[in-house]
$ cat final.csv   # CSV, C-alpha atoms (C1' of nucleotides) and all ligand atoms
chain,number,residue,atom,x,y,z
A,679,MET,CA,-49.1,159.2,-58.3
A,680,SER,CA,-46.9,157.4,-55.6
A,681,LEU,CA,-46.1,159.2,-52.3
A,682,ASN,CA,-43.0,158.5,-50.2
A,683,SER,CA,-42.7,158.9,-46.4
A,684,ALA,CA,-41.8,162.5,-46.4
A,685,ASP,CA,-44.8,163.3,-48.7
A,686,LEU,CA,-47.1,161.4,-46.4
A,687,GLU,CA,-45.9,163.2,-43.4
A,688,LYS,CA,-46.3,166.5,-45.1
A,689,LYS,CA,-49.8,165.6,-46.2
A,690,ILE,CA,-50.7,164.8,-42.6
A,691,ARG,CA,-49.0,168.0,-41.2
A,692,ASP,CA,-50.8,170.1,-43.8
A,693,ALA,CA,-54.1,168.7,-42.5
A,694,ARG,CA,-53.1,170.0,-39.0
A,695,LEU,CA,-52.8,166.4,-37.8
A,696,ARG,CA,-49.9,164.9,-35.9
A,697,PRO,CA,-47.9,162.3,-37.7
A,698,THR,CA,-48.3,159.5,-35.2
A,699,ARG,CA,-47.1,156.0,-35.8
A,700,GLN,CA,-50.6,154.8,-36.4
A,701,ARG,CA,-51.6,157.7,-38.7
A,702,LEU,CA,-48.5,157.3,-40.8
A,703,ALA,CA,-49.1,153.6,-41.2
A,704,LEU,CA,-52.7,154.3,-42.4
A,705,ALA,CA,-51.6,157.1,-44.7
A,706,GLU,CA,-49.1,154.7,-46.3
A,707,LEU,CA,-51.8,152.1,-47.0
A,708,LEU,CA,-54.2,154.7,-48.3
A,709,TYR,CA,-52.0,157.1,-50.3
A,710,ALA,CA,-48.7,155.5,-51.2
A,711,HIS,CA,-49.8,153.5,-54.1
A,712,GLY,CA,-52.6,155.3,-56.0
A,713,ASN,CA,-56.3,155.7,-55.3
A,714,ARG,CA,-58.4,153.2,-53.4
A,715,HIS,CA,-61.8,152.4,-51.8
A,716,VAL,CA,-61.6,150.9,-48.4
A,717,THR,CA,-63.8,149.9,-45.5
A,718,ALA,CA,-62.7,150.4,-41.9
A,719,GLU,CA,-62.5,146.6,-41.4
A,720,ARG,CA,-60.3,146.1,-44.5
A,721,LEU,CA,-57.9,148.9,-43.6
A,722,HIS,CA,-57.7,147.5,-40.1
A,723,SER,CA,-56.6,144.0,-41.3
A,724,GLU,CA,-54.2,145.5,-43.7
A,725,VAL,CA,-52.5,147.7,-41.1
A,726,MET,CA,-52.3,144.8,-38.7
A,727,GLU,CA,-50.6,142.7,-41.3
A,728,THR,CA,-47.9,145.3,-41.7
A,729,GLY,CA,-47.1,144.7,-38.0
A,730,VAL,CA,-48.3,148.1,-36.7
A,731,SER,CA,-51.0,147.5,-34.0
A,732,VAL,CA,-53.8,150.0,-34.4
A,733,SER,CA,-57.2,149.7,-32.7
A,734,LEU,CA,-60.4,149.7,-34.8
A,735,ALA,CA,-61.5,152.9,-32.9
A,736,THR,CA,-58.3,154.6,-34.2
A,737,ILE,CA,-59.1,153.5,-37.7
A,738,TYR,CA,-62.5,155.1,-37.5
A,739,ASN,CA,-61.1,158.3,-35.9
A,740,ASN,CA,-58.6,158.7,-38.6
A,741,LEU,CA,-60.9,157.9,-41.5
A,742,HIS,CA,-63.2,160.6,-40.2
A,743,GLN,CA,-60.4,163.1,-39.5
A,744,PHE,CA,-59.1,162.5,-43.0
A,745,THR,CA,-62.6,163.0,-44.4
A,746,SER,CA,-63.0,166.3,-42.5
A,747,ALA,CA,-59.7,167.4,-43.8
A,748,GLY,CA,-60.7,166.7,-47.4
A,749,LEU,CA,-58.2,163.9,-47.7
A,750,LEU,CA,-60.9,161.2,-48.1
A,751,ARG,CA,-64.6,161.1,-49.0
A,752,GLU,CA,-67.2,158.7,-47.7
A,753,VAL,CA,-69.2,156.7,-50.3
A,754,VAL,CA,-72.5,155.4,-49.2
A,755,VAL,CA,-73.4,152.3,-51.1
A,756,ASP,CA,-74.1,149.6,-48.6
A,757,SER,CA,-76.3,150.2,-45.5
A,758,SER,CA,-74.2,147.9,-43.4
A,759,ARG,CA,-70.7,149.3,-44.1
A,760,SER,CA,-69.0,152.6,-44.8
A,761,TYR,CA,-66.6,152.9,-47.7
A,762,PHE,CA,-63.9,155.6,-47.9
A,763,ASP,CA,-62.5,156.8,-51.2
A,764,THR,CA,-59.0,158.4,-51.6
A,765,ASN,CA,-60.2,160.0,-54.8
A,766,VAL,CA,-61.8,163.2,-53.6
A,767,THR,CA,-62.5,164.7,-57.0
A,768,PRO,CA,-66.1,164.5,-58.3
A,769,HIS,CA,-66.8,161.2,-59.8
A,770,HIS,CA,-69.3,158.3,-59.6
A,771,HIS,CA,-69.2,154.6,-59.0
A,772,PHE,CA,-69.9,151.1,-60.1
A,773,PHE,CA,-70.7,148.9,-57.1
A,774,HIS,CA,-70.6,145.2,-57.4
A,775,GLU,CA,-73.4,143.9,-55.1
A,776,GLN,CA,-72.0,140.4,-54.7
A,777,THR,CA,-68.3,141.2,-54.1
A,778,GLY,CA,-68.6,144.6,-52.5
A,779,ALA,CA,-66.1,146.0,-55.0
A,780,LEU,CA,-66.3,149.7,-55.8
A,781,GLU,CA,-64.9,151.1,-59.1
A,782,ASP,CA,-64.6,154.7,-60.2
A,783,ILE,CA,-66.6,156.0,-63.1
A,784,PRO,CA,-64.3,158.6,-64.5
A,785,LYS,CA,-65.5,162.1,-64.4
A,786,GLY,CA,-66.7,163.3,-67.8
A,787,ALA,CA,-68.0,160.0,-68.9
A,788,LEU,CA,-71.3,159.8,-67.2
A,789,SER,CA,-73.6,162.8,-66.9
A,790,VAL,CA,-76.7,163.6,-64.9
A,791,GLN,CA,-79.2,165.9,-66.6
A,792,ASN,CA,-82.3,167.8,-65.7
A,793,ILE,CA,-82.2,167.7,-62.0
A,794,PRO,CA,-85.6,169.2,-61.0
A,795,SER,CA,-86.0,172.1,-58.7
A,796,LEU,CA,-84.6,171.4,-55.2
A,797,PRO,CA,-86.8,171.2,-52.1
A,798,GLU,CA,-87.6,174.7,-50.8
A,799,GLY,CA,-84.7,176.5,-49.1
A,800,THR,CA,-82.0,173.8,-49.9
A,801,GLU,CA,-78.9,173.8,-52.0
A,802,ILE,CA,-77.0,170.8,-53.5
A,803,SER,CA,-74.3,169.3,-51.4
A,804,SER,CA,-73.4,166.5,-53.9
A,805,VAL,CA,-74.9,164.4,-56.6
A,806,ASP,CA,-74.0,160.7,-56.2
A,807,VAL,CA,-74.6,158.1,-58.9
A,808,ILE,CA,-74.2,154.5,-58.0
A,809,VAL,CA,-74.4,152.0,-60.9
A,810,ARG,CA,-75.1,148.7,-59.1
A,811,VAL,CA,-73.9,145.7,-61.0
A,812,THR,CA,-74.1,141.9,-60.5
A,813,THR,CA,-72.5,138.9,-62.1
A,814,PRO,CA,-75.4,137.0,-63.5
A,815,ARG,CA,-75.2,133.3,-62.5
A,816,ARG,CA,-75.2,131.4,-65.7
B,382,MET,CA,-103.7,156.2,-54.7
B,383,SER,CA,-105.4,155.4,-51.4
B,384,LEU,CA,-106.0,151.8,-50.3
B,385,ASN,CA,-108.7,150.6,-48.0
B,386,SER,CA,-108.6,147.6,-45.6
B,387,ALA,CA,-109.7,145.1,-48.2
B,388,ASP,CA,-107.1,146.4,-50.7
B,389,LEU,CA,-104.4,146.1,-48.0
B,390,GLU,CA,-105.4,142.6,-47.1
B,391,LYS,CA,-105.4,141.6,-50.8
B,392,LYS,CA,-101.9,143.1,-51.2
B,393,ILE,CA,-100.7,141.0,-48.3
B,394,ARG,CA,-102.3,137.8,-49.5
B,395,ASP,CA,-101.0,138.3,-53.1
B,396,ALA,CA,-97.5,138.4,-51.6
B,397,ARG,CA,-98.2,135.0,-50.0
B,398,LEU,CA,-98.2,136.5,-46.5
B,399,ARG,CA,-100.9,136.1,-43.8
B,400,PRO,CA,-102.8,139.2,-42.9
B,401,THR,CA,-102.0,139.3,-39.2
B,402,ARG,CA,-103.0,142.1,-37.0
B,403,GLN,CA,-99.4,143.4,-36.9
B,404,ARG,CA,-98.9,143.1,-40.7
B,405,LEU,CA,-102.2,144.9,-41.4
B,406,ALA,CA,-101.3,147.7,-39.1
B,407,LEU,CA,-98.0,148.2,-40.8
B,408,ALA,CA,-99.5,148.0,-44.3
B,409,GLU,CA,-102.0,150.6,-43.3
B,410,LEU,CA,-99.2,153.0,-42.3
B,411,LEU,CA,-97.2,152.2,-45.3
B,412,TYR,CA,-99.7,152.0,-48.1
B,413,ALA,CA,-103.0,153.6,-47.1
B,414,HIS,CA,-102.1,157.1,-47.8
B,415,GLY,CA,-99.7,157.3,-50.7
B,416,ASN,CA,-96.0,156.7,-51.0
B,417,ARG,CA,-93.6,157.1,-48.2
B,418,HIS,CA,-90.0,156.6,-47.1
B,419,VAL,CA,-89.6,155.2,-43.6
B,420,THR,CA,-87.0,153.8,-41.2
B,421,ALA,CA,-87.7,150.8,-39.0
B,422,GLU,CA,-87.5,153.0,-35.9
B,423,ARG,CA,-90.0,155.5,-37.3
B,424,LEU,CA,-92.5,152.9,-38.4
B,425,HIS,CA,-92.2,151.3,-35.0
B,426,SER,CA,-93.1,154.5,-33.2
B,427,GLU,CA,-95.9,155.2,-35.6
B,428,VAL,CA,-97.5,151.8,-35.2
B,429,MET,CA,-97.2,151.9,-31.4
B,430,GLU,CA,-99.0,155.3,-31.5
B,431,THR,CA,-101.9,153.7,-33.2
B,432,GLY,CA,-102.3,151.4,-30.2
B,433,VAL,CA,-101.2,148.2,-32.0
B,434,SER,CA,-98.3,146.7,-30.1
B,435,VAL,CA,-95.6,145.3,-32.5
B,436,SER,CA,-92.1,144.4,-31.5
B,437,LEU,CA,-89.1,145.9,-33.3
B,438,ALA,CA,-88.1,142.4,-34.5
B,439,THR,CA,-91.5,142.1,-36.2
B,440,ILE,CA,-91.0,145.5,-37.9
B,441,TYR,CA,-87.7,144.3,-39.3
B,442,ASN,CA,-89.1,141.0,-40.3
B,443,ASN,CA,-92.0,142.6,-42.2
B,444,LEU,CA,-89.9,145.3,-43.8
B,445,HIS,CA,-87.7,142.6,-45.3
B,446,GLN,CA,-90.5,140.3,-46.2
B,447,PHE,CA,-92.2,143.2,-48.0
B,448,THR,CA,-89.0,144.0,-49.7
B,449,SER,CA,-88.5,140.4,-50.9
B,450,ALA,CA,-92.0,140.4,-52.2
B,451,GLY,CA,-91.4,143.6,-54.2
B,452,LEU,CA,-93.8,145.7,-52.1
B,453,LEU,CA,-90.9,147.8,-50.8
B,454,ARG,CA,-87.4,148.7,-51.9
B,455,GLU,CA,-84.5,149.7,-49.7
B,456,VAL,CA,-82.8,153.0,-50.4
B,457,VAL,CA,-79.2,153.4,-49.3
B,458,VAL,CA,-78.5,157.0,-48.4
B,459,ASP,CA,-77.2,156.9,-44.9
B,460,SER,CA,-74.7,154.4,-43.6
B,461,SER,CA,-76.2,154.5,-40.1
B,462,ARG,CA,-79.8,153.7,-40.9
B,463,SER,CA,-81.9,151.8,-43.5
B,464,TYR,CA,-84.7,153.5,-45.4
B,465,PHE,CA,-87.6,151.7,-47.0
B,466,ASP,CA,-89.5,153.1,-49.9
B,467,THR,CA,-93.1,152.2,-50.8
B,468,ASN,CA,-92.5,153.5,-54.4
B,469,VAL,CA,-91.0,150.5,-56.1
B,470,THR,CA,-91.0,152.0,-59.6
B,471,PRO,CA,-87.6,153.3,-60.9
B,472,HIS,CA,-86.9,156.8,-59.6
B,473,HIS,CA,-84.3,158.8,-57.8
B,474,HIS,CA,-84.0,160.8,-54.6
B,475,PHE,CA,-83.3,164.1,-52.9
B,476,PHE,CA,-81.8,163.4,-49.5
B,477,HIS,CA,-81.7,166.2,-46.9
B,478,GLU,CA,-78.5,165.6,-45.0
B,479,GLN,CA,-79.6,167.5,-41.9
B,480,THR,CA,-83.2,166.3,-41.5
B,481,GLY,CA,-82.8,162.8,-42.9
B,482,ALA,CA,-85.8,163.5,-45.2
B,483,LEU,CA,-86.0,161.6,-48.5
B,484,GLU,CA,-88.0,163.0,-51.4
B,485,ASP,CA,-88.7,161.4,-54.8
B,486,ILE,CA,-87.3,162.7,-58.0
B,487,PRO,CA,-90.1,161.8,-60.4
B,488,LYS,CA,-89.1,159.4,-63.1
B,489,GLY,CA,-88.5,161.2,-66.4
B,490,ALA,CA,-87.3,164.4,-64.9
B,491,LEU,CA,-83.7,163.5,-64.2
B,492,SER,CA,-81.7,161.5,-66.7
B,493,VAL,CA,-78.4,159.7,-66.5
B,494,GLN,CA,-76.4,159.6,-69.7
B,495,ASN,CA,-73.3,157.9,-71.1
B,496,ILE,CA,-72.7,155.2,-68.5
B,497,PRO,CA,-69.4,153.7,-69.5
B,498,SER,CA,-68.8,150.1,-70.3
B,499,LEU,CA,-69.5,147.9,-67.2
B,500,PRO,CA,-66.9,145.9,-65.4
B,501,GLU,CA,-66.2,142.7,-67.2
B,502,GLY,CA,-68.9,140.0,-66.9
B,503,THR,CA,-71.4,142.2,-65.1
B,504,GLU,CA,-74.8,143.5,-65.8
B,505,ILE,CA,-76.7,146.5,-64.3
B,506,SER,CA,-78.9,145.8,-61.4
B,507,SER,CA,-80.0,149.4,-60.8
B,508,VAL,CA,-78.8,153.0,-61.2
B,509,ASP,CA,-79.3,155.1,-58.2
B,510,VAL,CA,-79.0,158.8,-58.1
B,511,ILE,CA,-79.0,160.6,-54.8
B,512,VAL,CA,-79.0,164.4,-54.9
B,513,ARG,CA,-77.8,165.4,-51.4
B,514,VAL,CA,-79.1,168.7,-50.2
B,515,THR,CA,-78.6,170.9,-47.2
B,516,THR,CA,-80.2,173.9,-45.7
B,517,PRO,CA,-77.4,176.5,-45.7
B,518,ARG,CA,-77.1,178.2,-42.3
B,519,ARG,CA,-77.6,181.9,-43.0
C,1070,DG,C1',-111.8,121.1,-34.3
C,1071,DT,C1',-107.2,119.4,-35.2
C,1072,DA,C1',-102.9,119.4,-37.6
C,1073,DT,C1',-99.5,122.1,-39.8
C,1074,DA,C1',-97.1,126.0,-41.2
C,1075,DT,C1',-96.4,130.7,-40.4
C,1076,DT,C1',-95.7,134.5,-37.5
C,1077,DT,C1',-94.6,137.0,-33.4
C,1078,DT,C1',-91.7,138.3,-29.8
C,1079,DA,C1',-88.5,138.1,-25.7
C,1080,DT,C1',-84.0,137.6,-25.5
C,1081,DA,C1',-79.3,136.9,-27.0
C,1082,DA,C1',-75.8,137.8,-30.4
C,1083,DT,C1',-73.4,140.5,-33.6
C,1084,DA,C1',-71.2,144.2,-36.1
C,1085,DA,C1',-70.3,148.9,-36.9
C,1086,DT,C1',-69.4,152.9,-34.6
C,1087,DT,C1',-68.8,156.2,-30.8
C,1088,DC,C1',-67.3,157.6,-26.1
C,1089,DA,C1',-64.3,158.8,-22.5
C,1090,DA,C1',-60.4,157.7,-19.8
C,1091,DA,C1',-55.5,157.2,-20.4
C,1092,DT,C1',-51.5,158.3,-23.1
C,1093,DA,C1',-48.6,160.7,-26.5
C,1094,DT,C1',-47.3,164.9,-28.8
C,1095,DG,C1',-45.9,169.6,-29.7
C,1096,DC,C1',-44.6,173.8,-27.9
C,1097,DA,C1',-43.0,177.3,-24.7
C,1098,DA,C1',-40.4,178.5,-20.8
C,1099,DT,C1',-36.4,177.8,-18.4
D,989,DA,C1',-31.7,170.0,-23.7
D,990,DT,C1',-35.3,169.4,-20.0
D,991,DT,C1',-39.6,170.3,-18.0
D,992,DG,C1',-44.4,171.6,-17.7
D,993,DC,C1',-48.6,171.8,-19.7
D,994,DA,C1',-52.4,172.2,-23.1
D,995,DT,C1',-54.2,169.7,-26.6
D,996,DA,C1',-54.4,165.8,-29.8
D,997,DT,C1',-54.6,161.0,-30.1
D,998,DT,C1',-55.3,156.2,-29.0
D,999,DT,C1',-57.9,152.5,-27.3
D,1000,DG,C1',-60.8,149.5,-24.2
D,1001,DA,C1',-65.4,149.8,-23.1
D,1002,DA,C1',-70.0,151.2,-24.1
D,1003,DT,C1',-73.6,152.1,-27.4
D,1004,DT,C1',-76.4,151.6,-31.5
D,1005,DA,C1',-78.7,149.4,-35.2
D,1006,DT,C1',-79.7,145.2,-36.7
D,1007,DT,C1',-80.0,140.1,-37.0
D,1008,DA,C1',-80.5,135.4,-35.0
D,1009,DT,C1',-82.7,132.1,-32.0
D,1010,DA,C1',-86.1,129.5,-30.4
D,1011,DA,C1',-90.4,129.1,-27.9
D,1012,DA,C1',-95.2,130.6,-27.7
D,1013,DA,C1',-99.0,132.4,-30.3
D,1014,DT,C1',-101.7,132.6,-34.4
D,1015,DA,C1',-103.5,131.6,-39.0
D,1016,DT,C1',-104.9,128.4,-42.5
D,1017,DA,C1',-106.0,123.9,-44.5
D,1018,DC,C1',-108.4,119.9,-44.0
E,1101,MN,MN,-45.4,150.9,-49.5
E,1102,MN,MN,-105.8,155.5,-42.2
E,1103,ZN,ZN,-64.1,156.5,-56.1
E,1104,ZN,ZN,-88.6,157.1,-53.3

$ encode --input "final.csv" --output "structure tokens"
Amino acid sequence: MSLNSADLEKKIRDARLRPTRQRLALAELLYAHGNRHVTAERLHSEVMETGVSVSLATIYNNLHQFTSAGLLREVVVDSSRSYFDTNVTPHHHFFHEQTGALEDIPKGALSVQNIPSLPEGTEISSVDVIVRVTTPRR
Amino acid sequence: MSLNSADLEKKIRDARLRPTRQRLALAELLYAHGNRHVTAERLHSEVMETGVSVSLATIYNNLHQFTSAGLLREVVVDSSRSYFDTNVTPHHHFFHEQTGALEDIPKGALSVQNIPSLPEGTEISSVDVIVRVTTPRR
DNA sequence: GTATATTTTATAATAATTCAAATATGCAAT
DNA sequence: ATTGCATATTTGAATTATTATAAAATATAC
């Protein structure tokens, strides 16, 4: 559940990526302490706070490289921002529309049934369920 | 299923909006011939092709005004672009990842079951299912 | 018709993301 | 170990989609 420096470096090397200073700092934030959902902007502020200077362009490059390597998945919930998820196993999400918080819906709980026949000549890439929630003002 | 000019004008007036030349041209494209899914850019090119000049700012203004009035809903499927849907009844979507095409999954067909208990203090705003499809390269 | 409110639009601003030039890394040859 | 070199990586600058501003144009109410 918790990865140390050596584990992180192996994870990066196994993805055929170089363990640069920037990449290691990002991997530490993403993977050292359990699953998370992050935006590029959030990850950028966090890494800057640790004292490692990383440009926002590098954040995006790495988020996408990690995604291509299967180390992250992108979750589309908000048209103005991309979220990346360190949990790459199939699962769904709660999305809090006011706070922007994403929360996993554990696999097995929720189920999607009776998907009708797909558009001609296509195959399923993924099925994404977003349960949008709000805190009612009382 | 198919609205004429008078219907369109009524629809606009009922939403407390003025039936301007631009707004009528947009409503015609959106509502005169059945349900559709459009991006701002697509709607802009279409309206320009009809010979009615409408600025992109006006397209965005109207898409949002229509959405606030409940005449459109926004569908979040692609983090780089907003889609607007003239079908405001609850339903789900197929999204073709290569072409960007959105297609309705008729209400009643697909069902979502066993949504686990919501995060503390929240209520459901909507449940959105996106079935992402691709055309496999053969 | 005139007053008032709404709408449009040119232009500027913003935020997320991508591009391309500059730099760092890994590896092979010495 | 050091050097040379191809390739990967980083980052400042550019691009894109979208939103804000604010002045001119238009629609409605009287
Ligand atoms: Mn730590
Ligand atoms: Mn027509
Ligand atoms: Zn998740
Ligand atoms: Zn739809």

$ atom_distance --input "final.csv" --atom1 "atom CA of A:Glu706" --atom2 "atom CA of A:Ser804"
28.1 Å

$ closest_residue --input "final.csv" --among "B:Leu405, B:Arg513, B:Glu455, B:Tyr441" --to "B:Asp388" --atoms "all atoms listed in the file"
B:Leu405

$ atom_distance --input "final.csv" --atom1 "atom CA of A:His774" --atom2 "atom CA of B:Ser460"
17.1 Å

$ interface_residues --input "final.csv" --of "chain D" --to "chain B" --cutoff "9 Å" --atoms "all atoms listed in the file" --output "mmCIF file with C-alpha atoms (C1' of nucleotides), keeping the file's coordinate frame"
data_model
loop_
_atom_site.group_PDB
_atom_site.id
_atom_site.type_symbol
_atom_site.label_atom_id
_atom_site.label_comp_id
_atom_site.auth_asym_id
_atom_site.auth_seq_id
_atom_site.Cartn_x
_atom_site.Cartn_y
_atom_site.Cartn_z
ATOM 1 C "C1'" DA D 1005 -78.700 149.400 -35.200
ATOM 2 C "C1'" DT D 1006 -79.700 145.200 -36.700
ATOM 3 C "C1'" DT D 1007 -80.000 140.100 -37.000
ATOM 4 C "C1'" DT D 1014 -101.700 132.600 -34.400
ATOM 5 C "C1'" DA D 1015 -103.500 131.600 -39.000
ATOM 6 C "C1'" DT D 1016 -104.900 128.400 -42.500
#

$ residues_near_ligand --input "final.csv" --ligand "ligand MN 1102 (chain E)" --cutoff "12 Å" --atoms "all atoms listed in the file" --output "ChimeraX atom specification"
/B:383-386,389,405-415,427-428,431
